[in-house]
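J.: My structure is in run_18.tsv, and what it holds is TSV, C-alpha atoms:
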chain	number	residue	atom	x	y	z
A	1376	MET	CA	0.00	0.00	0.00
A	1377	SER	CA	1.26	3.48	-0.82
A	1378	GLU	CA	2.76	5.67	1.88
A	1379	GLN	CA	0.60	8.63	2.95
A	1380	HIS	CA	1.95	12.01	4.03
A	1381	SER	CA	0.33	15.28	5.10
A	1382	ILE	CA	2.24	18.51	5.69
A	1383	ASN	CA	1.55	22.18	6.31
A	1384	ILE	CA	3.87	24.75	4.79
A	1385	PRO	CA	3.99	28.56	4.84
A	1386	ALA	CA	1.84	29.59	1.89
A	1387	HIS	CA	2.15	32.36	-0.66
A	1388	HIS	CA	1.08	35.69	0.77
A	1389	ASN	CA	-2.50	36.84	0.29
A	1390	ILE	CA	-2.34	38.97	-2.86
A	1391	TYR	CA	-5.45	40.87	-1.78
A	1392	THR	CA	-4.08	41.97	1.61
A	1393	GLY	CA	-0.32	41.54	1.29
A	1394	LYS	CA	-0.24	39.53	4.53
A	1395	SER	CA	1.94	36.44	4.86
A	1396	ASN	CA	0.19	34.54	7.64
A	1397	ARG	CA	-1.22	31.70	5.56
A	1398	GLU	CA	-0.54	27.96	5.70
A	1399	LEU	CA	-1.07	25.46	2.91
A	1400	ARG	CA	-1.97	21.86	3.66
A	1401	ILE	CA	-0.55	19.36	1.18
A	1402	ASP	CA	-1.32	15.64	1.20
A	1403	PHE	CA	0.75	13.33	-0.97
A	1404	SER	CA	1.32	9.61	-1.42
A	1405	ILE	CA	4.51	7.75	-2.31
A	1406	PRO	CA	4.36	4.38	-4.15
A	1407	GLN	CA	4.86	1.38	-1.87
A	1408	ASN	CA	8.01	0.41	-3.75
A	1409	GLY	CA	9.41	3.92	-3.54
A	1410	VAL	CA	10.24	6.29	-6.39
A	1411	ASN	CA	12.55	5.77	-9.33
A	1412	GLU	CA	13.48	7.41	-12.61
A	1413	ASN	CA	10.07	6.42	-14.06
A	1414	THR	CA	7.97	7.83	-11.22
A	1415	GLY	CA	5.92	10.82	-12.27
A	1416	LEU	CA	3.87	13.31	-10.27
A	1417	ILE	CA	0.15	13.99	-10.44
A	1418	ILE	CA	-1.95	16.61	-8.68
A	1419	PHE	CA	-5.70	16.21	-8.27
A	1420	VAL	CA	-7.73	19.42	-8.29
A	1421	PRO	CA	-11.40	19.11	-7.29
A	1422	GLY	CA	-14.06	21.63	-8.13
A	1423	PHE	CA	-17.13	22.67	-6.16
A	1424	GLY	CA	-18.28	20.01	-3.70
A	1425	GLY	CA	-14.97	18.15	-3.66
A	1426	ASN	CA	-12.05	18.65	-1.30
A	1427	ILE	CA	-8.85	17.16	0.03
A	1428	ASP	CA	-10.77	14.97	2.50
A	1429	SER	CA	-13.34	13.64	0.00
A	1430	LYS	CA	-13.30	9.85	0.00
A	1431	VAL	CA	-12.92	9.59	-3.78
A	1432	TYR	CA	-9.81	11.79	-3.74
A	1433	MET	CA	-8.31	9.99	-0.75
A	1434	LYS	CA	-8.87	6.74	-2.62
A	1435	MET	CA	-7.25	8.11	-5.79
A	1436	ARG	CA	-4.20	9.35	-3.89
A	1437	GLU	CA	-3.74	5.91	-2.35
A	1438	LEU	CA	-4.47	3.77	-5.40
A	1439	PHE	CA	-2.91	5.80	-8.20
A	1440	ALA	CA	0.47	6.00	-6.47
A	1441	ASP	CA	0.98	2.24	-6.72
A	1442	LYS	CA	-1.07	1.51	-9.83
A	1443	TYR	CA	0.59	4.14	-12.01
A	1444	ASN	CA	3.95	4.58	-10.23
A	1445	MET	CA	3.27	8.21	-9.40
A	1446	VAL	CA	3.58	10.52	-6.44
A	1447	THR	CA	0.01	11.71	-5.98
A	1448	ILE	CA	-0.61	15.22	-4.63
A	1449	GLN	CA	-3.51	17.34	-3.44
A	1450	CYS	CA	-3.74	20.63	-1.57
A	1451	ASN	CA	-6.36	22.50	0.42
A	1452	TYR	CA	-6.22	25.53	-1.84
A	1453	PHE	CA	-7.24	29.09	-0.93
A	1454	GLY	CA	-10.95	29.43	-0.25
A	1455	SER	CA	-11.81	25.82	-1.05
A	1456	SER	CA	-13.69	25.45	2.23
A	1457	TYR	CA	-16.28	27.91	0.86
A	1458	MET	CA	-16.91	25.73	-2.19
A	1459	GLN	CA	-18.78	23.04	-0.30
A	1460	SER	CA	-22.42	22.93	0.79
A	1461	SER	CA	-23.43	25.34	3.53
A	1462	VAL	CA	-24.68	24.48	7.00
A	1463	ASN	CA	-25.74	28.04	7.84
A	1464	TYR	CA	-28.34	29.94	5.88
A	1465	LYS	CA	-31.16	32.44	6.11
A	1466	PHE	CA	-34.51	32.29	4.38
A	1467	LYS	CA	-34.69	34.35	1.22
A	1468	ASN	CA	-38.31	35.07	2.05
A	1469	PRO	CA	-38.77	34.90	5.85
A	1470	GLN	CA	-42.54	35.07	5.38
A	1471	ILE	CA	-42.55	31.60	3.84
A	1472	LEU	CA	-42.74	30.05	7.29
A	1473	ARG	CA	-46.02	31.79	8.02
A	1474	SER	CA	-47.49	30.52	4.77
A	1475	VAL	CA	-46.51	26.85	5.14
A	1476	LEU	CA	-46.57	26.24	8.88
A	1477	THR	CA	-49.63	25.78	11.06
A	1478	ILE	CA	-50.13	27.78	14.24
A	1479	ASP	CA	-49.34	24.69	16.28
A	1480	GLU	CA	-46.10	24.10	14.33
A	1481	MET	CA	-45.08	27.73	14.81
A	1482	GLU	CA	-45.60	27.44	18.55
A	1483	ARG	CA	-43.52	24.26	18.71
A	1484	ILE	CA	-40.71	25.90	16.75
A	1485	ASN	CA	-40.79	28.95	19.01
A	1486	LYS	CA	-40.16	26.63	21.94
A	1487	ASP	CA	-37.47	24.58	20.15
A	1488	SER	CA	-36.02	26.00	16.91
A	1489	SER	CA	-33.99	22.82	16.29
A	1490	ILE	CA	-37.11	21.02	15.07
A	1491	LEU	CA	-37.70	23.45	12.18
A	1492	LEU	CA	-35.93	21.36	9.55
A	1493	ASN	CA	-37.73	18.20	10.62
A	1494	ILE	CA	-41.09	19.91	10.23
A	1495	LEU	CA	-40.20	21.47	6.86
A	1496	SER	CA	-38.90	18.14	5.57
A	1497	GLU	CA	-42.38	16.68	5.95
A	1498	LYS	CA	-43.86	19.24	3.56
A	1499	ASN	CA	-43.77	19.08	-0.23
A	1500	ILE	CA	-42.36	22.58	-0.79
A	1501	LEU	CA	-39.51	24.45	-2.45
A	1502	VAL	CA	-37.58	26.57	0.04
A	1503	SER	CA	-35.18	29.28	-1.18
A	1504	VAL	CA	-32.38	30.16	1.22
A	1505	ILE	CA	-29.25	32.32	1.09
A	1506	ALA	CA	-26.12	30.46	2.17
A	1507	ASP	CA	-24.18	32.15	4.95
A	1508	ILE	CA	-20.59	31.45	3.88
A	1509	ASP	CA	-18.91	34.10	6.04
A	1510	GLU	CA	-16.07	34.95	3.63
A	1511	SER	CA	-13.64	37.79	4.28
A	1512	ILE	CA	-10.70	39.41	2.53
A	1513	GLU	CA	-8.43	37.18	4.61
A	1514	GLU	CA	-9.76	34.09	2.86
A	1515	PHE	CA	-12.48	33.64	0.28
A	1516	ASN	CA	-13.26	31.62	-2.79
A	1517	ASP	CA	-11.42	33.81	-5.29
A	1518	MET	CA	-11.82	31.23	-8.09
A	1519	SER	CA	-8.64	32.51	-9.68
A	1520	TYR	CA	-5.06	33.50	-8.92
A	1521	MET	CA	-4.66	32.56	-5.25
A	1522	GLN	CA	-6.10	29.12	-5.88
A	1523	ALA	CA	-3.82	28.54	-8.87
A	1524	VAL	CA	-0.75	29.73	-6.92
A	1525	ASP	CA	-1.52	27.19	-4.18
A	1526	ILE	CA	-1.75	24.39	-6.75
A	1527	ILE	CA	1.61	25.34	-8.25
A	1528	SER	CA	3.12	25.67	-4.77
A	1529	ALA	CA	1.93	22.17	-3.83
A	1530	VAL	CA	3.66	20.59	-6.83
A	1531	GLU	CA	6.86	22.57	-6.35
A	1532	SER	CA	6.94	21.76	-2.63
A	1533	VAL	CA	6.70	18.00	-3.23
A	1534	LYS	CA	9.45	18.26	-5.84
A	1535	ILE	CA	11.64	20.01	-3.26
A	1536	ILE	CA	10.91	17.29	-0.69
A	1537	LEU	CA	11.81	14.52	-3.14
A	1538	ASN	CA	14.98	16.27	-4.25
A	1539	GLY	CA	15.91	17.10	-0.67
A	1540	ASN	CA	15.76	13.41	0.21
A	1541	GLY	CA	17.91	12.45	-2.73
A	1542	LEU	CA	15.05	10.66	-4.50
A	1543	THR	CA	15.11	10.33	-8.27
A	1544	PHE	CA	11.83	10.85	-10.13
A	1545	LYS	CA	10.66	11.70	-13.63
A	1546	SER	CA	10.61	15.48	-13.35
A	1547	ASN	CA	9.38	15.98	-16.90
A	1548	ARG	CA	6.20	13.97	-16.27
A	1549	ILE	CA	3.88	16.06	-14.12
A	1550	ILE	CA	0.16	15.55	-14.68
A	1551	GLY	CA	-2.74	17.70	-13.56
A	1552	TYR	CA	-6.16	16.06	-13.28
A	1553	GLY	CA	-9.12	18.35	-12.61
A	1554	HIS	CA	-12.89	18.37	-12.56
A	1555	SER	CA	-15.05	21.40	-13.43
A	1556	HIS	CA	-13.61	24.42	-11.60
A	1557	GLY	CA	-10.60	22.32	-10.64
A	1558	ALA	CA	-9.90	21.69	-14.31
A	1559	TYR	CA	-10.21	25.41	-15.00
A	1560	LEU	CA	-7.67	26.12	-12.25
A	1561	LEU	CA	-5.23	23.76	-13.95
A	1562	HIS	CA	-5.52	25.83	-17.13
A	1563	LEU	CA	-4.84	28.98	-15.11
A	1564	SER	CA	-1.91	27.26	-13.38
A	1565	ASN	CA	-0.57	26.19	-16.76
A	1566	ARG	CA	-0.65	29.80	-17.90
A	1567	LEU	CA	1.12	31.03	-14.76
A	1568	ALA	CA	3.72	28.24	-14.83
A	1569	PRO	CA	3.96	27.21	-18.50
A	1570	THR	CA	6.83	24.76	-18.06
A	1571	LEU	CA	5.51	22.92	-14.99
A	1572	PHE	CA	3.02	20.42	-16.37
A	1573	SER	CA	3.54	17.81	-19.06
A	1574	TYR	CA	-0.12	16.76	-19.30
A	1575	LEU	CA	-3.42	18.36	-18.22
A	1576	ILE	CA	-6.59	16.27	-18.10
A	1577	ASP	CA	-9.58	18.58	-18.13
A	1578	ASN	CA	-13.02	17.24	-17.26
A	1579	SER	CA	-15.57	19.95	-18.03
A	1580	ALA	CA	-13.53	23.05	-17.22
A	1581	TRP	CA	-15.55	26.17	-17.77
A	1582	ILE	CA	-14.37	28.92	-20.09
A	1583	GLU	CA	-14.32	31.37	-17.21
A	1584	PRO	CA	-15.43	31.07	-13.57
A	1585	ALA	CA	-19.21	31.33	-13.77
A	1586	TYR	CA	-19.72	32.41	-10.17
A	1587	LEU	CA	-17.59	35.52	-10.55
A	1588	SER	CA	-20.63	36.98	-12.26
A	1589	ASP	CA	-23.54	34.69	-11.37
A	1590	ILE	CA	-24.96	33.20	-8.20
A	1591	ARG	CA	-24.22	29.55	-7.50
A	1592	VAL	CA	-27.40	27.55	-6.94
A	1593	LEU	CA	-27.33	24.26	-5.06
A	1594	TYR	CA	-30.37	22.01	-4.63
A	1595	LYS	CA	-30.62	19.83	-1.53
A	1596	THR	CA	-33.45	17.41	-0.81
A	1597	MET	CA	-34.64	17.14	2.78
A	1598	GLY	CA	-37.42	14.60	3.08
A	1599	ASN	CA	-40.29	15.85	0.92
A	1600	SER	CA	-38.87	19.34	0.65
A	1601	THR	CA	-36.23	20.78	-1.66
A	1602	PHE	CA	-33.96	23.54	-0.37
A	1603	VAL	CA	-32.52	25.88	-2.98
A	1604	TYR	CA	-29.25	27.37	-1.66
A	1605	GLU	CA	-27.95	30.55	-3.26
A	1606	PHE	CA	-24.24	31.36	-2.89
A	1607	ASP	CA	-23.29	34.96	-3.62
A	1608	TYR	CA	-19.50	34.89	-3.50
A	1609	PHE	CA	-17.28	37.66	-2.15
A	1610	ALA	CA	-15.00	37.34	-5.20
A	1611	LYS	CA	-17.61	39.06	-7.37
A	1612	LYS	CA	-16.73	42.31	-5.60
A	1613	ILE	CA	-12.97	41.77	-5.22
A	1614	VAL	CA	-11.56	40.12	-8.34
A	1615	ARG	CA	-10.84	42.71	-11.02
A	1616	ASN	CA	-10.40	42.39	-14.78
A	1617	LYS	CA	-12.50	39.25	-14.89
A	1618	GLN	CA	-12.18	39.11	-18.67
A	1619	ASP	CA	-8.50	38.24	-18.22
A	1620	LEU	CA	-9.60	34.93	-16.68
A	1621	ASN	CA	-11.36	33.76	-19.83
A	1622	LEU	CA	-9.57	30.74	-21.37
A	1623	GLU	CA	-9.37	32.45	-24.74
A	1624	THR	CA	-7.58	35.42	-23.18
A	1625	LEU	CA	-5.33	33.18	-21.09
A	1626	TYR	CA	-4.15	31.15	-24.05
A	1627	LYS	CA	-3.78	34.02	-26.50
A	1628	ASP	CA	-0.19	34.04	-27.82
A	1629	PHE	CA	0.63	31.21	-25.40
A	1630	ASN	CA	3.73	29.22	-26.32
A	1631	GLY	CA	3.62	26.50	-23.67
A	1632	ASN	CA	3.97	22.87	-24.70
A	1633	THR	CA	1.83	21.08	-22.12
A	1634	GLN	CA	-0.33	18.35	-23.65
A	1635	VAL	CA	-3.96	19.26	-22.94
A	1636	LEU	CA	-6.82	16.75	-23.12
A	1637	SER	CA	-10.27	18.25	-22.65
A	1638	PHE	CA	-13.47	16.25	-22.10
A	1639	GLN	CA	-16.72	18.16	-22.56
A	1640	GLY	CA	-20.38	17.11	-22.64
A	1641	ASP	CA	-22.59	18.54	-25.38
A	1642	GLU	CA	-25.40	19.12	-22.85
A	1643	ASP	CA	-23.27	20.97	-20.30
A	1644	ASN	CA	-25.44	23.71	-18.81
A	1645	LEU	CA	-22.44	25.72	-17.59
A	1646	VAL	CA	-20.15	25.55	-20.62
A	1647	ASN	CA	-20.78	26.29	-24.29
A	1648	HIS	CA	-19.14	23.23	-25.81
A	1649	VAL	CA	-18.84	24.85	-29.24
A	1650	GLU	CA	-16.87	27.77	-27.81
A	1651	LYS	CA	-14.82	25.46	-25.60
A	1652	LYS	CA	-13.85	23.27	-28.55
A	1653	ARG	CA	-12.84	26.30	-30.59
A	1654	ILE	CA	-10.63	27.62	-27.77
A	1655	VAL	CA	-9.01	24.28	-26.92
A	1656	GLU	CA	-8.13	23.68	-30.55
A	1657	THR	CA	-6.09	26.90	-30.57
A	1658	ILE	CA	-3.85	25.50	-27.83
A	1659	ASN	CA	-0.69	23.82	-29.03
A	1660	ASN	CA	-0.56	20.06	-28.37
A	1661	SER	CA	-4.22	19.77	-27.38
A	1662	ASP	CA	-7.04	17.28	-27.94
A	1663	PHE	CA	-10.77	17.81	-27.46
A	1664	ILE	CA	-13.24	14.99	-26.80
A	1665	LEU	CA	-16.91	15.92	-27.11
A	1666	VAL	CA	-19.14	13.50	-25.22
A	1667	LYS	CA	-22.58	13.09	-26.77
A	1668	LYS	CA	-25.50	11.01	-25.54
A	1669	GLU	CA	-24.46	8.06	-27.70
A	1670	ASP	CA	-20.95	8.22	-26.22
A	1671	VAL	CA	-22.13	7.67	-22.65
A	1672	ASP	CA	-20.74	4.24	-21.78
A	1673	HIS	CA	-21.77	4.12	-18.10
A	1674	ILE	CA	-18.17	3.23	-17.29
A	1675	LYS	CA	-15.97	6.29	-17.54
A	1676	TYR	CA	-18.85	8.73	-18.00
A	1677	LYS	CA	-22.52	8.30	-17.16
A	1678	SER	CA	-23.90	11.48	-18.70
A	1679	ASN	CA	-23.10	14.13	-21.29
A	1680	GLY	CA	-23.82	17.02	-18.91
A	1681	HIS	CA	-21.48	19.08	-16.75
A	1682	GLY	CA	-18.86	16.85	-15.15
A	1683	LEU	CA	-20.06	13.88	-17.25
A	1684	ASP	CA	-21.07	12.16	-13.99
A	1685	ALA	CA	-17.61	10.70	-14.48
A	1686	ASP	CA	-16.00	7.81	-12.71
A	1687	PHE	CA	-12.78	9.65	-11.89
A	1688	LEU	CA	-10.69	6.46	-11.80
A	1689	GLU	CA	-11.97	5.11	-15.13
A	1690	LEU	CA	-11.71	8.48	-16.85
A	1691	PHE	CA	-8.10	8.87	-15.75
A	1692	SER	CA	-7.25	5.37	-16.92
A	1693	TYR	CA	-8.67	6.20	-20.34
A	1694	ALA	CA	-6.88	9.57	-20.47
A	1695	LEU	CA	-3.54	7.86	-19.80
A	1696	GLU	CA	-4.03	5.83	-22.95
A	1697	LEU	CA	-3.95	9.12	-24.85
A	1698	GLU	CA	-0.89	10.55	-23.10
A	1699	ARG	CA	1.93	11.17	-25.51
A	1700	PRO	CA	5.43	10.30	-24.32
A	1701	THR	CA	7.69	13.27	-23.80
A	1702	LYS	CA	10.04	12.39	-26.63
A	1703	GLU	CA	7.10	11.97	-29.04
A	1704	THR	CA	5.70	15.31	-27.91
A	1705	LEU	CA	9.03	17.04	-28.47
A	1706	LYS	CA	9.32	15.50	-31.91
A	1707	LYS	CA	5.84	16.72	-32.78
A	1708	ARG	CA	6.68	20.23	-31.62
A	1709	PHE	CA	9.87	20.22	-33.70
A	1710	GLU	CA	7.90	19.18	-36.78
A	1711	ILE	CA	5.39	21.98	-36.18
A	1712	TYR	CA	8.07	24.64	-35.74
A	1713	SER	CA	10.10	23.41	-38.74
A	1714	ARG	CA	7.22	24.30	-41.06
A	1715	PHE	CA	7.66	28.01	-40.38
Have the structure of the file written as C-alpha cells, please.

T.:
Amino acid sequence: MSEQHSINIPAHHNIYTGKSNRELRIDFSIPQNGVNENTGLIIFVPGFGGNIDSKVYMKMRELFADKYNMVTIQCNYFGSSYMQSSVNYKFKNPQILRSVLTIDEMERINKDSSILLNILSEKNILVSVIADIDESIEEFNDMSYMQAVDIISAVESVKIILNGNGLTFKSNRIIGYGHSHGAYLLHLSNRLAPTLFSYLIDNSAWIEPAYLSDIRVLYKTMGNSTFVYEFDYFAKKIVRNKQDLNLETLYKDFNGNTQVLSFQGDEDNLVNHVEKKRIVETINNSDFILVKKEDVDHIKYKSNGHGLDADFLELFSYALELERPTKETLKKRFEIYSRF
C-alpha cells in the first residue's frame, strides 16, 4: 500500500491583503516500492463540492500511487472550504414560514427552533435560502489567482521534498487532473507556470469562472422538501479584470507545450461546448473529446452534462491511454516549428 503524508507549509502571501500569515496543507502519497526514474507526479484538483478529504480523492491518492507509479498530490487551496455545501443559511423570504406552517407548528418551533428542519422536511415545498458562507478578505473563494498559486506551490513543494531526500523521479512527467472548476484552475496554473506540467486532463472546465458573475445555486433534498441554496461569492466584488480569466484570453499568444486533453459534454449547462472546442483547438498540443448522448458508456462517463457524472478512476485510466510520451511530444513540436 502506498505511503501517505500530510504537511503544512507557509503559503504564498495573500495577494489581496499583502499579509503572509497563511498555511497550505498538502497531502501526498509515495508508491509502496518507492520512487525511481520512471515515477511521475500527479496533482488532483477538485471543483465545487470536492475537497482534500473527499473519499474519492483519498482513494485516488492511495491507489494511483501504486497503480501508475506516481507521487500523488492534493492541496487544500485558498478558499476551497467555501466551495462546499453550507450548514448556515437564512430564508430568502422569511414570510414563507407563516405561509406553510400551522399555528401549532409555529408554537412548537418557538419553543425549540432545532425542530424546524424536521417539520419542513415533511412538507412538499420548495424553500429558497441564502447560504451564509462568512467569507472575508483574509480568505475567500477567489476562483482565480490565489487558488492557482496554491496548486503550483503544492507541486513545487513536493518536488523540493523529493529532491531534498535524494530521491530520483521523472521530473518531466507532471500531470494535472481536474474536474469542473478544478480543471479550470489547472488551465490557469498552466498559464502562470507554462513549463511545470507535461499533461493536463480537463473534465468539463468552464471557459471562465461562472460564479464571478452569477450566483451559485445548489439544490438539496430534505425529506419531501427541496432547499434551494444561493451562494453569492465575495470574489464578485474583489476580483478585477474578470475578462482576463477567460480561457481564450489566457491562451492568446501562449507558447507553452503542455499536452492538454479536454473532455466536454454537449449538454453541459455551464459551458458552451462549441466555444470550448474552438478555444481548446487553438492551444498547441491539445485534444478535445466531445461526449454526446451516444458516447455515454456508463463506465468512464454516465452522462453528457457538466462533469459527465464521471468515474474519476476510469476516466483517468482512459486519459492515460492518450498521453503522448515526452520524446514523441518534443518530436511533434519540432515538426510543427520546422514548417515556419

J.: Which residue is closest to Tyr1520 in chain A? Choose from A:Thr1701, A:Asn1389, A:Gln1379, A:Asn1632 and count only C-alpha atoms.

T.: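 Selected residue with least distance to Tyr1520 in chain A: A:Asn1389.
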
J.: For the point (-12.4, 11.7, -12.2) in the file's frame, write as a VMD selection string all residues with an atom no more than 10 Å away, counting all atoms listed in the file.

T.: chain A and resid 1419 to 1421 1431 to 1432 1435 1552 to 1554 1576 to 1578 1675 to 1676 1682 to 1692

J.: List as a ChimeraX atom specification the protein and nucleic acid residues near Gly1393 in chain A, meaning an atom at most 12 Å away when all atoms listed in the file are counted, but skip any in the same chain fewer than 6 places from it.

T.: /A:1387,1512-1513,1521

J.: For Ala1529 in chain A, which residue out of A:Leu1636, A:Ile1384, A:Ala1610, A:Ile1550 is the nearest one, using all atoms listed in the file?

T.: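 That would be A:Ile1384, the residue with the smallest distance to Ala1529 in chain A.
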
J.: Looking at all atoms listed in the file, which of A:Gly1424, A:Ile1508, A:Glu1497, A:Leu1399 is the one that sits closest to Val1530 in chain A?

T.: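 Counting all atoms listed in the file, the residue closest to Val1530 in chain A is A:Leu1399.
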
J.: How many Å lie between CA of Tyr1693 in chain A and CA of Lys1668 in chain A, rounded to one decimal?

T.: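 Computed distance, CA of Tyr1693 in chain A to CA of Lys1668 in chain A, equals 18.3 Å.
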
J.: Within 10 Å of Leu1491 in chain A, counting only C-alpha atoms, which residues show up once you throw out same-chain ones fewer than 3 positions away? Write them as a list in words, please.

T.: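 The filter keeps Leu1472, Leu1476, Glu1480, Met1481, Arg1483, Ile1484, Asn1485, Asp1487, Ser1488, Ile1494, Leu1495 and Ser1496 of chain A.
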
J.: Between CA of Val1592 in chain A and CA of Tyr1464 in chain A, measure the distance and give it in Å to one decimal.

T.: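 It comes out at 13.1 Å.
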
J.: Just the number, please: distance in Å from CA of Thr1414 in chain A to CA of Ser1661 in chain A, one decimal.

T.: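 Straight-line distance from CA of Thr1414 in chain A to CA of Ser1661 in chain A works out to 23.5 Å.
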
J.: Could you name the residues that touch Ser1555 in chain A at 7 Å or less, counting all atoms listed in the file, but leaving out those on the same chain fewer than 4 positions away, as a VMD selection string?

T.: chain A and resid 1422 1559 1578 to 1581 1682

J.: Mind giving me the axis-aligned box for range 1675-1682 of chain A with 6 Å on every side, centre plus edges in Å to one decimal, as lines of an AutoDock Vina configuration file?

T.:
center_x = -19.9
center_y = 12.7
center_z = -18.2
size_x = 19.9
size_y = 24.8
size_z = 18.1

J.: For a quick check of understanding, using only C-alpha atoms, which of A:His1380, A:Ser1395, A:Val1655, A:Gly1415 has the smallest distance to Ser1546 in chain A?

T.: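 Ranked by minimum distance to Ser1546 in chain A, first place goes to A:Gly1415.
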
J.: Counting only C-alpha atoms, which of A:Ile1401, A:Val1614, A:Val1502, A:Leu1622 gets nearest to Asn1451 in chain A?

T.: A:Ile1401

J.: When distances are computed from only C-alpha atoms, which of A:Thr1601, A:Thr1596, A:Asn1516, A:Ser1381 shows the smallest separation from Asp1428 in chain A?

T.: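 Under the stated criterion, the closest residue is A:Ser1381.
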
J.: I'd like the contact shell of Lys1545 in chain A - 9 Å cut-off, only C-alpha atoms, skipping same-chain residues fewer than 3 positions apart - returned as a list in words.

T.: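 In the requested form, the answer reads Asn1411, Glu1412, Asn1413, Thr1414, Gly1415, Leu1416, Arg1548 and Ile1549 of chain A.
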
J.: Which residues are near Ser1528 in chain A? Cut-off 10 Å, all atoms listed in the file, ignore same chain within fewer than 2 positions. Put them as a PDB file with C-alpha atoms, in the coordinates of the input.

T.:
ATOM      1  CA  ILE A1384       3.870  24.750   4.790  1.00  0.00           C
ATOM      2  CA  ALA A1386       1.840  29.590   1.890  1.00  0.00           C
ATOM      3  CA  HIS A1387       2.150  32.360  -0.660  1.00  0.00           C
ATOM      4  CA  LEU A1399      -1.070  25.460   2.910  1.00  0.00           C
ATOM      5  CA  ILE A1401      -0.550  19.360   1.180  1.00  0.00           C
ATOM      6  CA  CYS A1450      -3.740  20.630  -1.570  1.00  0.00           C
ATOM      7  CA  TYR A1452      -6.220  25.530  -1.840  1.00  0.00           C
ATOM      8  CA  GLN A1522      -6.100  29.120  -5.880  1.00  0.00           C
ATOM      9  CA  ALA A1523      -3.820  28.540  -8.870  1.00  0.00           C
ATOM     10  CA  VAL A1524      -0.750  29.730  -6.920  1.00  0.00           C
ATOM     11  CA  ASP A1525      -1.520  27.190  -4.180  1.00  0.00           C
ATOM     12  CA  ILE A1526      -1.750  24.390  -6.750  1.00  0.00           C
ATOM     13  CA  VAL A1530       3.660  20.590  -6.830  1.00  0.00           C
ATOM     14  CA  GLU A1531       6.860  22.570  -6.350  1.00  0.00           C
ATOM     15  CA  SER A1532       6.940  21.760  -2.630  1.00  0.00           C
ATOM     16  CA  VAL A1533       6.700  18.000  -3.230  1.00  0.00           C
ATOM     17  CA  LYS A1534       9.450  18.260  -5.840  1.00  0.00           C
TER      18      LYS A1534
END
